[in-house]
Amino acid sequence: MLIKKRTGIEIPSSEITPHDIYLSRRKFMAGAAALATTAALAACSPASLTKPENADVDPTAENPAAAEAAVGQTDELGDSLTTYKDVTNYNNFYEFTLDKEKVAPMATGYQTSPWQVEVGGLVANPGVYDVDDLRTRFEQEERIYRLRCVEGWSMVIPWMGFPLAQLLKEVEPAADAKYVRFETVLDPENMPGQSSPWYEWPYIEGLRVDEAMNDLAILATGLYGEELLPQNGAPIRLVVPWKYGFKSIKSIVKIDLVEEMPTSLWMGAAPNEYGFYANVNPEVAHPRWSQATERRIGELGRRKTILFNGYEEQVAHLYDGMDLHENY
């Protein structure tokens, strides 16, 4: 069965679950055996400061409820979810460190509430939104999406969030707004990676307005039915599943509608390697490695990469007439 969203784009029902049903399912599956895998998360951006009450909890520990909820769940292609433990402990997050397995312990203790997101630029109704307000203003849905990292690994994650289009419609983009520019928090004193001279901070990313309005593009506020942790981009991040993971900017503090194409952090650092579009494409190799195959975390061997990460039906029309080799 398919669920038709208000944008007219159809999404398999296996990808969308209301939060209350998701939590009920977790209770039903209590006591089931947990899946075992090894995982990863891409796209870089920070969290915030101050030590929360649970700051002394081991960030590498499994979440039993989340592990139980994973049993038997798949994406619409029948692929099993990546475990909560792996999703939250193998992270690309250069603001903290280049070591994927050290991000979680380094991020432990960073407070992500209160948190505000400023939305402005070429819009009729600019505003500053509290993330707690966004969670109640827009209905939170579960979206099980595949994540494909530009580095050649992939995973399957049950995100909680809402379509980015809902927020953009509320602020009413002007006719001359062509792109959406995203920006993360800047705090080099508490995020040692932001002291690196190799990158221009803060982390910046962007989408065309039509890409941002596609129903697959969401602002995620949680995963596995739990609020996001700092290492995963708490408290709010972008998820665009048909693009490589670095496009899914984390810990957003600012969203602007602009006329000119934004220069992302990675475009500025290595323009010959990281283009604006970053669509998953097995036929377009990275200058230093092939993108024809990927390593699904938790599996032996490699699997073939799928064009647009398997979401071709929903997004291919956005690029009609474009040379995907040139517009990489």
# chains A, B, ... in the order shown; residues from 1 in each chain; ligands from 1

$ closest_atom_pairs --of "range 188-224 of chain A" --to "range 239-245 of chain A" --cutoff "10 Å" --atoms "only C-alpha atoms" --output "CSV"
residue,atom,partner,partner_atom,distance
A:Leu207,CA,A:Val240,CA,9.5
A:Glu211,CA,A:Val240,CA,8.9
A:Ala212,CA,A:Val240,CA,8.5
A:Asn214,CA,A:Val240,CA,9.4
A:Asp215,CA,A:Val240,CA,9.7
A:Leu216,CA,A:Val240,CA,6.7
A:Ala217,CA,A:Val240,CA,4.8
A:Ile218,CA,A:Val239,CA,5.4
A:Leu219,CA,A:Val239,CA,6.2
A:Ala220,CA,A:Val239,CA,6.6

$ residues_around --residues "Lys178 in chain A" --least-positions-apart "5" --cutoff "7 Å" --atoms "only C-alpha atoms" --output "list in words"
Arg208, Val209, Val258, Glu259 and Glu260 of chain A

$ write_last_selection --atoms "N, CA, C and O atoms" --output "compact mmCIF listing (two decimals), in the first residue's frame"
# COMPACT_ATOMS: atom_id res chain seq x y z
N ARG A 208 18.52 23.10 -4.13
CA ARG A 208 17.61 23.91 -4.92
C ARG A 208 16.26 23.91 -4.21
O ARG A 208 15.93 22.97 -3.49
N VAL A 209 15.44 24.94 -4.45
CA VAL A 209 14.15 25.01 -3.79
C VAL A 209 13.28 23.82 -4.15
O VAL A 209 12.60 23.25 -3.28
N VAL A 258 17.75 31.87 -0.74
CA VAL A 258 18.66 32.76 -1.44
C VAL A 258 18.51 32.61 -2.95
O VAL A 258 17.93 31.65 -3.45
N GLU A 259 19.06 33.57 -3.67
CA GLU A 259 18.97 33.56 -5.13
C GLU A 259 20.15 32.84 -5.77
O GLU A 259 20.02 32.19 -6.80
N GLU A 260 21.32 32.94 -5.16
CA GLU A 260 22.53 32.34 -5.72
C GLU A 260 22.82 30.99 -5.07
O GLU A 260 22.54 30.78 -3.89

$ closest_residue --among "A:Phe246, A:Phe96, A:Glu101, A:Gly121" --to "Glu189 in chain A" --atoms "only C-alpha atoms"
A:Phe96

$ closest_atom_pairs --of "range 145-226 of chain A" --to "range 70-87 of chain A" --cutoff "10 Å" --atoms "only C-alpha atoms" --output "tab-separated table"
residue	atom	partner	partner_atom	distance
A:Tyr145	CA	A:Asp75	CA	6.9
A:Arg146	CA	A:Asp75	CA	7.7
A:Ser154	CA	A:Thr82	CA	9.4
A:Met155	CA	A:Thr82	CA	5.8
A:Val156	CA	A:Leu81	CA	4.9
A:Ile157	CA	A:Leu81	CA	6.0
A:Pro158	CA	A:Leu81	CA	7.4
A:Leu223	CA	A:Tyr84	CA	8.4
A:Tyr224	CA	A:Tyr84	CA	7.0

$ closest_residue --among "A:Val280, A:Glu183, A:Gly193, A:Tyr203" --to "Leu98 in chain A" --atoms "only C-alpha atoms"
A:Gly193

$ residues_around --residues "Ile249 in chain A" --least-positions-apart "6" --cutoff "12 Å" --atoms "only C-alpha atoms" --output "number ranges by chain"
A: 41-47, 92-95, 181-185, 202-207, 217-220, 232-241, 243, 255, 264-266

$ closest_residue --among "A:Trp201, A:Thr108, A:Phe162, A:Arg148" --to "Ile306 in chain A" --atoms "only C-alpha atoms"
A:Arg148

$ closest_residue --among "A:Trp153, A:Thr112, A:Gly321, A:Asn91" --to "Ala292 in chain A" --atoms "only C-alpha atoms"
A:Trp153

$ decode --residues "range 232-254 of chain A" --atoms "N, CA, C and O atoms" --output "PDB file, in the first residue's frame"
ATOM      1  N   ASN A 232      24.694  12.551  16.287  1.00  0.00           N
ATOM      2  CA  ASN A 232      23.866  12.347  15.109  1.00  0.00           C
ATOM      3  C   ASN A 232      23.240  13.640  14.590  1.00  0.00           C
ATOM      4  O   ASN A 232      22.401  13.607  13.703  1.00  0.00           O
ATOM      5  N   GLY A 233      23.661  14.768  15.155  1.00  0.00           N
ATOM      6  CA  GLY A 233      23.180  16.042  14.642  1.00  0.00           C
ATOM      7  C   GLY A 233      22.061  16.662  15.426  1.00  0.00           C
ATOM      8  O   GLY A 233      21.281  17.452  14.889  1.00  0.00           O
ATOM      9  N   ALA A 234      21.940  16.321  16.710  1.00  0.00           N
ATOM     10  CA  ALA A 234      20.888  16.879  17.550  1.00  0.00           C
ATOM     11  C   ALA A 234      20.992  18.405  17.590  1.00  0.00           C
ATOM     12  O   ALA A 234      22.085  18.966  17.456  1.00  0.00           O
ATOM     13  N   PRO A 235      19.863  19.086  17.753  1.00  0.00           N
ATOM     14  CA  PRO A 235      18.540  18.496  17.898  1.00  0.00           C
ATOM     15  C   PRO A 235      17.761  18.386  16.595  1.00  0.00           C
ATOM     16  O   PRO A 235      16.691  17.817  16.566  1.00  0.00           O
ATOM     17  N   ILE A 236      18.303  18.960  15.495  1.00  0.00           N
ATOM     18  CA  ILE A 236      17.587  18.937  14.220  1.00  0.00           C
ATOM     19  C   ILE A 236      18.583  18.938  13.071  1.00  0.00           C
ATOM     20  O   ILE A 236      19.569  19.678  13.087  1.00  0.00           O
ATOM     21  N   ARG A 237      18.321  18.081  12.098  1.00  0.00           N
ATOM     22  CA  ARG A 237      19.226  17.948  10.968  1.00  0.00           C
ATOM     23  C   ARG A 237      18.418  17.711   9.694  1.00  0.00           C
ATOM     24  O   ARG A 237      17.237  17.336   9.750  1.00  0.00           O
ATOM     25  N   LEU A 238      19.053  17.904   8.583  1.00  0.00           N
ATOM     26  CA  LEU A 238      18.453  17.632   7.289  1.00  0.00           C
ATOM     27  C   LEU A 238      18.723  16.183   6.903  1.00  0.00           C
ATOM     28  O   LEU A 238      19.791  15.642   7.220  1.00  0.00           O
ATOM     29  N   VAL A 239      17.771  15.541   6.229  1.00  0.00           N
ATOM     30  CA  VAL A 239      17.988  14.217   5.648  1.00  0.00           C
ATOM     31  C   VAL A 239      17.449  14.240   4.224  1.00  0.00           C
ATOM     32  O   VAL A 239      16.251  14.454   4.011  1.00  0.00           O
ATOM     33  N   VAL A 240      18.343  14.062   3.258  1.00  0.00           N
ATOM     34  CA  VAL A 240      17.964  13.985   1.840  1.00  0.00           C
ATOM     35  C   VAL A 240      18.483  12.645   1.308  1.00  0.00           C
ATOM     36  O   VAL A 240      19.629  12.549   0.873  1.00  0.00           O
ATOM     37  N   PRO A 241      17.669  11.599   1.345  1.00  0.00           N
ATOM     38  CA  PRO A 241      18.154  10.229   1.158  1.00  0.00           C
ATOM     39  C   PRO A 241      18.645   9.873  -0.232  1.00  0.00           C
ATOM     40  O   PRO A 241      19.315   8.852  -0.379  1.00  0.00           O
ATOM     41  N   TRP A 242      18.350  10.675  -1.247  1.00  0.00           N
ATOM     42  CA  TRP A 242      18.834  10.343  -2.586  1.00  0.00           C
ATOM     43  C   TRP A 242      20.203  10.949  -2.874  1.00  0.00           C
ATOM     44  O   TRP A 242      20.773  10.739  -3.927  1.00  0.00           O
ATOM     45  N   LYS A 243      20.737  11.686  -1.918  1.00  0.00           N
ATOM     46  CA  LYS A 243      22.045  12.306  -2.066  1.00  0.00           C
ATOM     47  C   LYS A 243      23.044  11.683  -1.097  1.00  0.00           C
ATOM     48  O   LYS A 243      22.658  11.063  -0.102  1.00  0.00           O
ATOM     49  N   TYR A 244      24.336  11.861  -1.376  1.00  0.00           N
ATOM     50  CA  TYR A 244      25.360  11.366  -0.464  1.00  0.00           C
ATOM     51  C   TYR A 244      25.207  12.043   0.901  1.00  0.00           C
ATOM     52  O   TYR A 244      24.742  13.179   1.014  1.00  0.00           O
ATOM     53  N   GLY A 245      25.617  11.324   1.935  1.00  0.00           N
ATOM     54  CA  GLY A 245      25.349  11.728   3.296  1.00  0.00           C
ATOM     55  C   GLY A 245      25.834  13.104   3.692  1.00  0.00           C
ATOM     56  O   GLY A 245      25.238  13.732   4.570  1.00  0.00           O
ATOM     57  N   PHE A 246      26.907  13.608   3.072  1.00  0.00           N
ATOM     58  CA  PHE A 246      27.425  14.898   3.523  1.00  0.00           C
ATOM     59  C   PHE A 246      26.458  16.042   3.223  1.00  0.00           C
ATOM     60  O   PHE A 246      26.597  17.135   3.781  1.00  0.00           O
ATOM     61  N   LYS A 247      25.469  15.797   2.354  1.00  0.00           N
ATOM     62  CA  LYS A 247      24.464  16.833   2.091  1.00  0.00           C
ATOM     63  C   LYS A 247      23.484  16.988   3.255  1.00  0.00           C
ATOM     64  O   LYS A 247      22.836  18.024   3.386  1.00  0.00           O
ATOM     65  N   SER A 248      23.353  15.945   4.081  1.00  0.00           N
ATOM     66  CA  SER A 248      22.372  15.963   5.174  1.00  0.00           C
ATOM     67  C   SER A 248      22.946  16.661   6.399  1.00  0.00           C
ATOM     68  O   SER A 248      23.290  16.037   7.397  1.00  0.00           O
ATOM     69  N   ILE A 249      23.038  17.959   6.321  1.00  0.00           N
ATOM     70  CA  ILE A 249      23.689  18.800   7.320  1.00  0.00           C
ATOM     71  C   ILE A 249      23.050  18.626   8.700  1.00  0.00           C
ATOM     72  O   ILE A 249      21.841  18.525   8.841  1.00  0.00           O
ATOM     73  N   LYS A 250      23.889  18.618   9.732  1.00  0.00           N
ATOM     74  CA  LYS A 250      23.448  18.376  11.106  1.00  0.00           C
ATOM     75  C   LYS A 250      23.345  19.662  11.917  1.00  0.00           C
ATOM     76  O   LYS A 250      23.872  20.707  11.532  1.00  0.00           O
ATOM     77  N   SER A 251      22.670  19.552  13.047  1.00  0.00           N
ATOM     78  CA  SER A 251      22.610  20.613  14.059  1.00  0.00           C
ATOM     79  C   SER A 251      22.419  21.997  13.448  1.00  0.00           C
ATOM     80  O   SER A 251      23.230  22.902  13.621  1.00  0.00           O
ATOM     81  N   ILE A 252      21.322  22.152  12.764  1.00  0.00           N
ATOM     82  CA  ILE A 252      21.049  23.371  12.000  1.00  0.00           C
ATOM     83  C   ILE A 252      20.651  24.521  12.932  1.00  0.00           C
ATOM     84  O   ILE A 252      19.842  24.349  13.842  1.00  0.00           O
ATOM     85  N   VAL A 253      21.228  25.697  12.676  1.00  0.00           N
ATOM     86  CA  VAL A 253      20.840  26.895  13.422  1.00  0.00           C
ATOM     87  C   VAL A 253      20.275  27.976  12.509  1.00  0.00           C
ATOM     88  O   VAL A 253      19.660  28.930  12.988  1.00  0.00           O
ATOM     89  N   LYS A 254      20.461  27.821  11.187  1.00  0.00           N
ATOM     90  CA  LYS A 254      20.000  28.869  10.280  1.00  0.00           C
ATOM     91  C   LYS A 254      19.622  28.276   8.928  1.00  0.00           C
ATOM     92  O   LYS A 254      20.329  27.416   8.397  1.00  0.00           O
TER      93      LYS A 254
END
